[in-house]
>>> print(open('run_2.txt').read())   # compact mmCIF, C-alpha atoms
# COMPACT_ATOMS: atom_id res chain seq x y z
CA VAL O 292 -131.30 71.39 -66.16
CA GLN O 293 -135.03 71.53 -65.61
CA LEU O 294 -136.56 70.48 -62.31
CA GLN O 295 -140.12 69.41 -61.56
CA ALA O 296 -141.13 69.00 -57.93
CA SER O 297 -144.17 67.17 -56.62
CA GLY O 298 -145.62 65.64 -53.48
CA GLY O 299 -146.69 68.61 -51.41
CA GLY O 300 -149.98 68.75 -49.58
CA LEU O 301 -151.78 69.16 -46.30
CA VAL O 302 -150.80 66.98 -43.35
CA GLN O 303 -151.40 67.01 -39.62
CA ALA O 304 -148.59 67.68 -37.20
CA GLY O 305 -146.62 64.51 -36.56
CA GLY O 306 -147.38 63.16 -40.00
CA SER O 307 -145.16 62.49 -42.99
CA LEU O 308 -144.84 63.60 -46.59
CA ARG O 309 -142.47 62.65 -49.36
CA LEU O 310 -141.43 65.22 -51.94
CA SER O 311 -139.95 64.21 -55.24
CA CYS O 312 -138.08 66.16 -57.87
CA ALA O 313 -137.55 64.94 -61.42
CA ALA O 314 -134.70 66.43 -63.43
CA SER O 315 -134.00 66.61 -67.12
CA GLY O 316 -130.56 66.84 -68.65
CA ARG O 317 -127.74 64.40 -69.13
CA THR O 318 -125.46 65.80 -66.41
CA PHE O 319 -127.72 65.16 -63.41
CA SER O 320 -125.08 63.11 -61.59
CA SER O 321 -122.65 66.02 -61.81
CA TYR O 322 -124.83 68.30 -59.70
CA ALA O 323 -125.32 68.47 -55.97
CA MET O 324 -129.10 68.44 -55.45
CA GLY O 325 -131.01 70.08 -52.67
CA TRP O 326 -134.20 71.41 -51.20
CA PHE O 327 -134.98 74.88 -49.94
CA ARG O 328 -138.17 76.25 -48.43
CA GLN O 329 -139.80 79.61 -48.03
CA ALA O 330 -142.49 80.40 -45.52
CA PRO O 331 -144.69 83.49 -45.89
CA GLY O 332 -142.80 86.62 -44.92
CA LYS O 333 -139.52 84.76 -44.48
CA GLU O 334 -136.38 84.32 -46.51
CA ARG O 335 -135.77 81.19 -48.51
CA GLU O 336 -133.78 78.74 -46.38
CA PHE O 337 -131.75 75.62 -47.04
CA VAL O 338 -133.44 72.41 -45.93
CA ALA O 339 -131.29 69.52 -47.13
CA GLY O 340 -128.81 68.62 -49.82
CA ILE O 341 -127.13 65.58 -51.26
CA ASN O 342 -123.80 65.87 -53.00
CA ARG O 343 -122.52 63.96 -56.01
CA GLY O 344 -120.85 61.36 -53.81
CA GLY O 345 -124.01 60.79 -51.78
CA ASP O 346 -123.01 62.67 -48.64
CA THR O 347 -125.82 64.70 -47.15
CA VAL O 348 -126.19 68.05 -45.43
CA TYR O 349 -129.18 69.20 -43.38
CA GLY O 350 -130.38 72.46 -41.96
CA ASP O 351 -130.61 72.43 -38.16
CA PRO O 352 -134.44 72.71 -38.02
CA VAL O 353 -134.91 69.41 -39.89
CA LYS O 354 -132.05 67.26 -38.64
CA GLY O 355 -133.25 63.87 -37.49
CA ARG O 356 -136.66 64.30 -39.13
CA PHE O 357 -135.98 64.75 -42.84
CA THR O 358 -134.00 62.50 -45.17
CA VAL O 359 -132.77 63.46 -48.63
CA SER O 360 -131.89 60.86 -51.25
CA ARG O 361 -131.12 60.70 -54.95
CA ASP O 362 -131.40 58.19 -57.76
CA ASN O 363 -129.00 59.12 -60.54
CA ALA O 364 -130.38 56.48 -62.91
CA LYS O 365 -133.89 57.91 -62.62
CA MET O 366 -132.60 61.49 -62.27
CA THR O 367 -134.69 62.12 -59.21
CA VAL O 368 -134.12 63.52 -55.74
CA ALA O 369 -136.50 62.93 -52.86
CA LEU O 370 -137.13 64.49 -49.48
CA GLN O 371 -138.76 62.25 -46.89
CA MET O 372 -140.26 64.43 -44.18
CA ASN O 373 -141.28 62.80 -40.90
CA SER O 374 -142.55 64.19 -37.61
CA LEU O 375 -143.77 67.28 -39.39
CA LYS O 376 -144.40 70.44 -37.39
CA PRO O 377 -146.55 73.48 -38.17
CA GLU O 378 -143.33 75.48 -38.57
CA ASP O 379 -142.42 73.26 -41.51
CA THR O 380 -145.24 74.90 -43.47
CA ALA O 381 -143.71 76.50 -46.54
CA VAL O 382 -143.27 76.27 -50.26
CA TYR O 383 -140.52 73.74 -50.94
CA TYR O 384 -138.16 74.16 -53.89
CA CYS O 385 -135.91 71.63 -55.53
CA ALA O 386 -132.55 73.06 -56.57
CA THR O 387 -129.14 72.27 -57.98
CA LYS O 388 -125.93 73.80 -56.81
CA THR O 389 -123.50 75.31 -59.29
CA TYR O 390 -122.01 72.61 -61.52
CA GLY O 391 -119.32 70.62 -59.75
CA ARG O 392 -119.81 72.27 -56.35
CA SER O 393 -120.98 70.66 -53.11
CA TRP O 394 -123.24 71.66 -50.27
CA TYR O 395 -121.51 72.25 -46.95
CA PHE O 396 -121.76 74.17 -43.72
CA PRO O 397 -120.90 76.83 -42.91
CA GLY O 398 -121.30 79.07 -45.90
CA GLY O 399 -121.96 76.56 -48.66
CA ALA O 400 -125.72 76.13 -48.51
CA ARG O 401 -127.22 79.43 -49.56
CA ALA O 402 -129.86 80.41 -52.06
CA ASN O 403 -127.15 82.37 -53.91
CA ASP O 404 -125.32 79.08 -54.52
CA VAL O 405 -128.18 77.66 -56.56
CA ALA O 406 -127.75 77.26 -60.30
CA TYR O 407 -131.24 75.97 -61.15
CA TRP O 408 -134.55 76.14 -59.32
CA GLY O 409 -137.61 74.01 -59.75
CA GLN O 410 -141.10 75.30 -59.27
CA GLY O 411 -142.28 75.13 -55.69
CA THR O 412 -144.56 72.59 -54.08
CA GLU O 413 -146.60 73.70 -51.11
CA VAL O 414 -146.51 71.89 -47.77
CA THR O 415 -149.00 72.80 -45.07
CA VAL O 416 -148.80 71.25 -41.62
CA SER O 417 -151.84 71.76 -39.42
CA SER O 418 -151.65 71.73 -35.64
>>> encode(input="run_2.txt", output="structure tokens")
Amino acid sequence: VQLQASGGGLVQAGGSLRLSCAASGRTFSSYAMGWFRQAPGKEREFVAGINRGGDTVYGDPVKGRFTVSRDNAKMTVALQMNSLKPEDTAVYYCATKTYGRSWYFPGGARANDVAYWGQGTEVTVSS
């Protein structure tokens, strides 16, 4: 599976951005898809994930502000980010979980669980 993320940019606090990730490969629907982010000097952290059945999982910092969705026919996953804060500034990465596995808390949404990473897309939120 190859992943190509897009949609990052510069936005003011309170604004919105929509990230998109296009996947290649015929087994897209068999993978749980997700987004991670990494801010300078910090570890990569889970942001949001959507499992094969469409159920979603969110990291606490983004609950109520971010929405993850997928389109299996187009093989894309999106992250709608609203009410952005300066602390959301990071490089955002699209990712798949190991084939057939789902995202869940606690313990099932870690960078070590990722099978494939996309290249990052940078999001900067100014105050």
>>> residues_near_point(input="run_2.txt", point="(-142.5, 69.2, -43.6)", cutoff="12 Å", atoms="only C-alpha atoms", output="PyMOL selection string")
chain O and resi 298-310+326-330+338-339+352-354+356-358+370-383+412-417
>>> atom_distance(input="run_2.txt", atom1="atom CA of Ser393 of chain O", atom2="atom CA of Tyr322 of chain O")
8.0 Å
>>> residues_around(input="run_2.txt", residues="Ala369 of chain O", least_positions_apart="2", cutoff="6 Å", atoms="only C-alpha atoms", output="list in words")
Leu310, Ser311, Val359 and Ser360 of chain O
>>> residues_near_point(input="run_2.txt", point="(-130.4, 73.7, -57.3)", cutoff="12 Å", atoms="all atoms listed in the file", output="mmCIF file with C-alpha atoms, in the frame of the given file")
data_model
loop_
_atom_site.group_PDB
_atom_site.id
_atom_site.type_symbol
_atom_site.label_atom_id
_atom_site.label_comp_id
_atom_site.auth_asym_id
_atom_site.auth_seq_id
_atom_site.Cartn_x
_atom_site.Cartn_y
_atom_site.Cartn_z
ATOM 1 C CA VAL O 292 -131.300 71.390 -66.160
ATOM 2 C CA GLN O 293 -135.030 71.530 -65.610
ATOM 3 C CA LEU O 294 -136.560 70.480 -62.310
ATOM 4 C CA GLN O 295 -140.120 69.410 -61.560
ATOM 5 C CA ALA O 296 -141.130 69.000 -57.930
ATOM 6 C CA CYS O 312 -138.080 66.160 -57.870
ATOM 7 C CA ALA O 314 -134.700 66.430 -63.430
ATOM 8 C CA PHE O 319 -127.720 65.160 -63.410
ATOM 9 C CA SER O 321 -122.650 66.020 -61.810
ATOM 10 C CA TYR O 322 -124.830 68.300 -59.700
ATOM 11 C CA ALA O 323 -125.320 68.470 -55.970
ATOM 12 C CA MET O 324 -129.100 68.440 -55.450
ATOM 13 C CA GLY O 325 -131.010 70.080 -52.670
ATOM 14 C CA TRP O 326 -134.200 71.410 -51.200
ATOM 15 C CA PHE O 327 -134.980 74.880 -49.940
ATOM 16 C CA PHE O 337 -131.750 75.620 -47.040
ATOM 17 C CA VAL O 338 -133.440 72.410 -45.930
ATOM 18 C CA ALA O 339 -131.290 69.520 -47.130
ATOM 19 C CA GLY O 340 -128.810 68.620 -49.820
ATOM 20 C CA ILE O 341 -127.130 65.580 -51.260
ATOM 21 C CA ASN O 342 -123.800 65.870 -53.000
ATOM 22 C CA VAL O 368 -134.120 63.520 -55.740
ATOM 23 C CA TYR O 383 -140.520 73.740 -50.940
ATOM 24 C CA TYR O 384 -138.160 74.160 -53.890
ATOM 25 C CA CYS O 385 -135.910 71.630 -55.530
ATOM 26 C CA ALA O 386 -132.550 73.060 -56.570
ATOM 27 C CA THR O 387 -129.140 72.270 -57.980
ATOM 28 C CA LYS O 388 -125.930 73.800 -56.810
ATOM 29 C CA THR O 389 -123.500 75.310 -59.290
ATOM 30 C CA TYR O 390 -122.010 72.610 -61.520
ATOM 31 C CA GLY O 391 -119.320 70.620 -59.750
ATOM 32 C CA ARG O 392 -119.810 72.270 -56.350
ATOM 33 C CA SER O 393 -120.980 70.660 -53.110
ATOM 34 C CA TRP O 394 -123.240 71.660 -50.270
ATOM 35 C CA ALA O 400 -125.720 76.130 -48.510
ATOM 36 C CA ARG O 401 -127.220 79.430 -49.560
ATOM 37 C CA ALA O 402 -129.860 80.410 -52.060
ATOM 38 C CA ASN O 403 -127.150 82.370 -53.910
ATOM 39 C CA ASP O 404 -125.320 79.080 -54.520
ATOM 40 C CA VAL O 405 -128.180 77.660 -56.560
ATOM 41 C CA ALA O 406 -127.750 77.260 -60.300
ATOM 42 C CA TYR O 407 -131.240 75.970 -61.150
ATOM 43 C CA TRP O 408 -134.550 76.140 -59.320
ATOM 44 C CA GLY O 409 -137.610 74.010 -59.750
ATOM 45 C CA GLN O 410 -141.100 75.300 -59.270
#
>>> closest_residue(input="run_2.txt", among="O:Pro397, O:Ala313, O:Arg335, O:Ser297", to="Thr367 of chain O", atoms="all atoms listed in the file")
O:Ala313
>>> axis_aligned_box(input="run_2.txt", around="segment 322-341 of chain O", padding_each_side="6 Å", output="JSON")
{"center_x": -134.8, "center_y": 76.1, "center_z": -52.1, "size_x": 31.9, "size_y": 33.0, "size_z": 27.2}
>>> atom_distance(input="run_2.txt", atom1="atom CA of Pro331 of chain O", atom2="atom CA of Gly355 of chain O")
24.2 Å
>>> closest_residue(input="run_2.txt", among="O:Arg317, O:Gly399, O:Gly350, O:Ser418", to="Asn363 of chain O", atoms="only C-alpha atoms")
O:Arg317
>>> atom_distance(input="run_2.txt", atom1="atom CA of Met366 of chain O", atom2="atom CA of Val348 of chain O")
19.2 Å
>>> closest_residue(input="run_2.txt", among="O:Tyr349, O:Glu336, O:Gly316, O:Gly344", to="Arg361 of chain O", atoms="all atoms listed in the file")
O:Gly344
